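Accompanying notes for the structure given below.
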Amino acid sequence: MEDVDAYYGQSHILRDLSLHVEEGEVCALLGRNGAGKTTTLRSVAGARPPDVREGAVRFKGDEITDRTTEDISSLGISLVPEERRVFPNLTVEENLHLSDVARNWSNTFGRDVSMDHPGMSTEEVFEVFPRLEERQSQKAGTLSGGEQQMLAIARALKQDTDLLMLDEPYEGLAPQIIQTVEDAIERIAETGTTILLVEQNAVAAMSIADRAYVIDQGSIVFAGDSEQLRDDEKTRERYLGV
Ligand code: ATP
């Protein structure tokens, strides 16, 4: 993202925001409530609102600023939103199967969904999330918060995902469940998928991220290695409260 300015109507939210994520890394975007983290992810994913009025968003060198969410998703960018969208009345297996149906449907209607990189199979997803295999016949609405988070991530992985953006995956999860989700994120990163992780839980995010950005009032106020941020007490206290 280069010098991005994004708005909700007249509200100017992202201000001259620049950041980049390297292929294959886990990058964290940290900041307080309302700092603009979700807006950043939505700007990359092409979700509207917000409107990106200045600056550019590029993916693998191509400008994607004004493309539709469908286009952007077909390039291999997935966003798992904070509210963990799963279908509560369908089983785990059916939720996963729906991702396949969506992909095949897109192909049938001529969208460019690259089948040379078709996303994970259900078996591969179960390797990352053994818990989901155990719960495959259970209705998604009856899963715990952590399990629903795993299912939401799993659904994204069934699509062709090169860049996985996770919006507060640890929110509302007990510490031992955070650990399970963290392990899964690490396993996903090992498959070569690039991850942009948005978190308020800075400590947990820094423990798995290679690099971190801190955002405040819509602008980047820190960029560096996670270790640098861990050592930078001033920035942590001022912008993250930890
Ligand atoms: P949180 O952790 O609370 O989600 P965040 O860092 O993700 O925080 P954003 O959701 O990006 O923050 O919100 C940034 C600012 O934009 C906030 O001031 C918020 O009130 C405002 N905002 C978010 N969504 C909308 C919207 N749909 N319409 C108008 N303003 C919005």
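Naming works like this for the structure tokens: A, B, ... for the chains as they're shown, residue 1 at the start of each chain, ligands 1 onward in shown order.
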- Within 9 Å of ligand 1, which residues show up when you count only C-alpha atoms and all ligand atoms? List them as a ChimeraX atom specification, please. /A:7-14,30-42,48-50,82,167-168,198-200,215-218
- Item | Who sits within 6 Å of segment 54-60 of chain A, only C-alpha atoms, same chain under 2 positions skipped, as a PyMOL selection string | chain A and resi 1-5+52+62-65
Dump of N, CA and C atoms for the selected residues, as a CSV table (one decimal), in the first residue's frame:
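selection-v6.csv, written as the output of this step:
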```csv
chain,number,residue,atom,x,y,z
A,1,MET,N,0.9,-1.2,0.0
A,1,MET,CA,0.0,0.0,0.0
A,1,MET,C,0.9,1.2,0.0
A,2,GLU,N,0.6,2.1,-0.9
A,2,GLU,CA,1.5,3.3,-1.0
A,2,GLU,C,0.6,4.6,-0.9
A,3,ASP,N,0.9,5.3,0.2
A,3,ASP,CA,0.3,6.6,0.4
A,3,ASP,C,-1.2,6.6,0.3
A,4,VAL,N,-1.8,5.6,0.9
A,4,VAL,CA,-3.2,5.4,0.8
A,4,VAL,C,-4.0,6.3,1.7
A,5,ASP,N,-5.0,7.0,1.1
A,5,ASP,CA,-6.0,7.8,1.9
A,5,ASP,C,-7.4,7.1,1.7
A,52,VAL,N,-11.0,4.2,-1.3
A,52,VAL,CA,-9.6,4.6,-1.4
A,52,VAL,C,-9.6,5.7,-2.4
A,62,ASP,N,0.9,-5.7,-9.5
A,62,ASP,CA,-0.2,-5.2,-10.2
A,62,ASP,C,-1.1,-4.3,-9.3
A,63,GLU,N,-1.5,-3.2,-9.9
A,63,GLU,CA,-2.3,-2.3,-9.1
A,63,GLU,C,-3.8,-2.9,-9.0
A,64,ILE,N,-4.3,-3.0,-7.8
A,64,ILE,CA,-5.6,-3.6,-7.5
A,64,ILE,C,-6.5,-2.6,-6.9
A,65,THR,N,-6.1,-1.3,-6.8
A,65,THR,CA,-6.8,-0.3,-6.0
A,65,THR,C,-8.3,-0.3,-6.3
```
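The residue that comes closest to Thr161 of chain A, out of A:Ile195, A:Ala174, A:Glu227, A:Thr180 and on the basis of only C-alpha atoms, is A:Ile195.
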- Task: Identify, on the basis of only C-alpha atoms, every residue whose closest approach to segment 129-133 of chain A does not exceed 12 Å; exclude the query and any residue fewer than 5 positions from it along the same chain; express the result as a PyMOL selection string.
- Result: chain A and resi 91-96+122-124+138-140+143-144+146-155+157+177+180-188
- Task: Report the distance between atom CA of Glu83 of chain A and atom CA of Glu171 of chain A in Å, rounded to one decimal place.
- Result: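 Atom-to-atom, atom CA of Glu83 of chain A and atom CA of Glu171 of chain A are spaced 9.5 Å apart.
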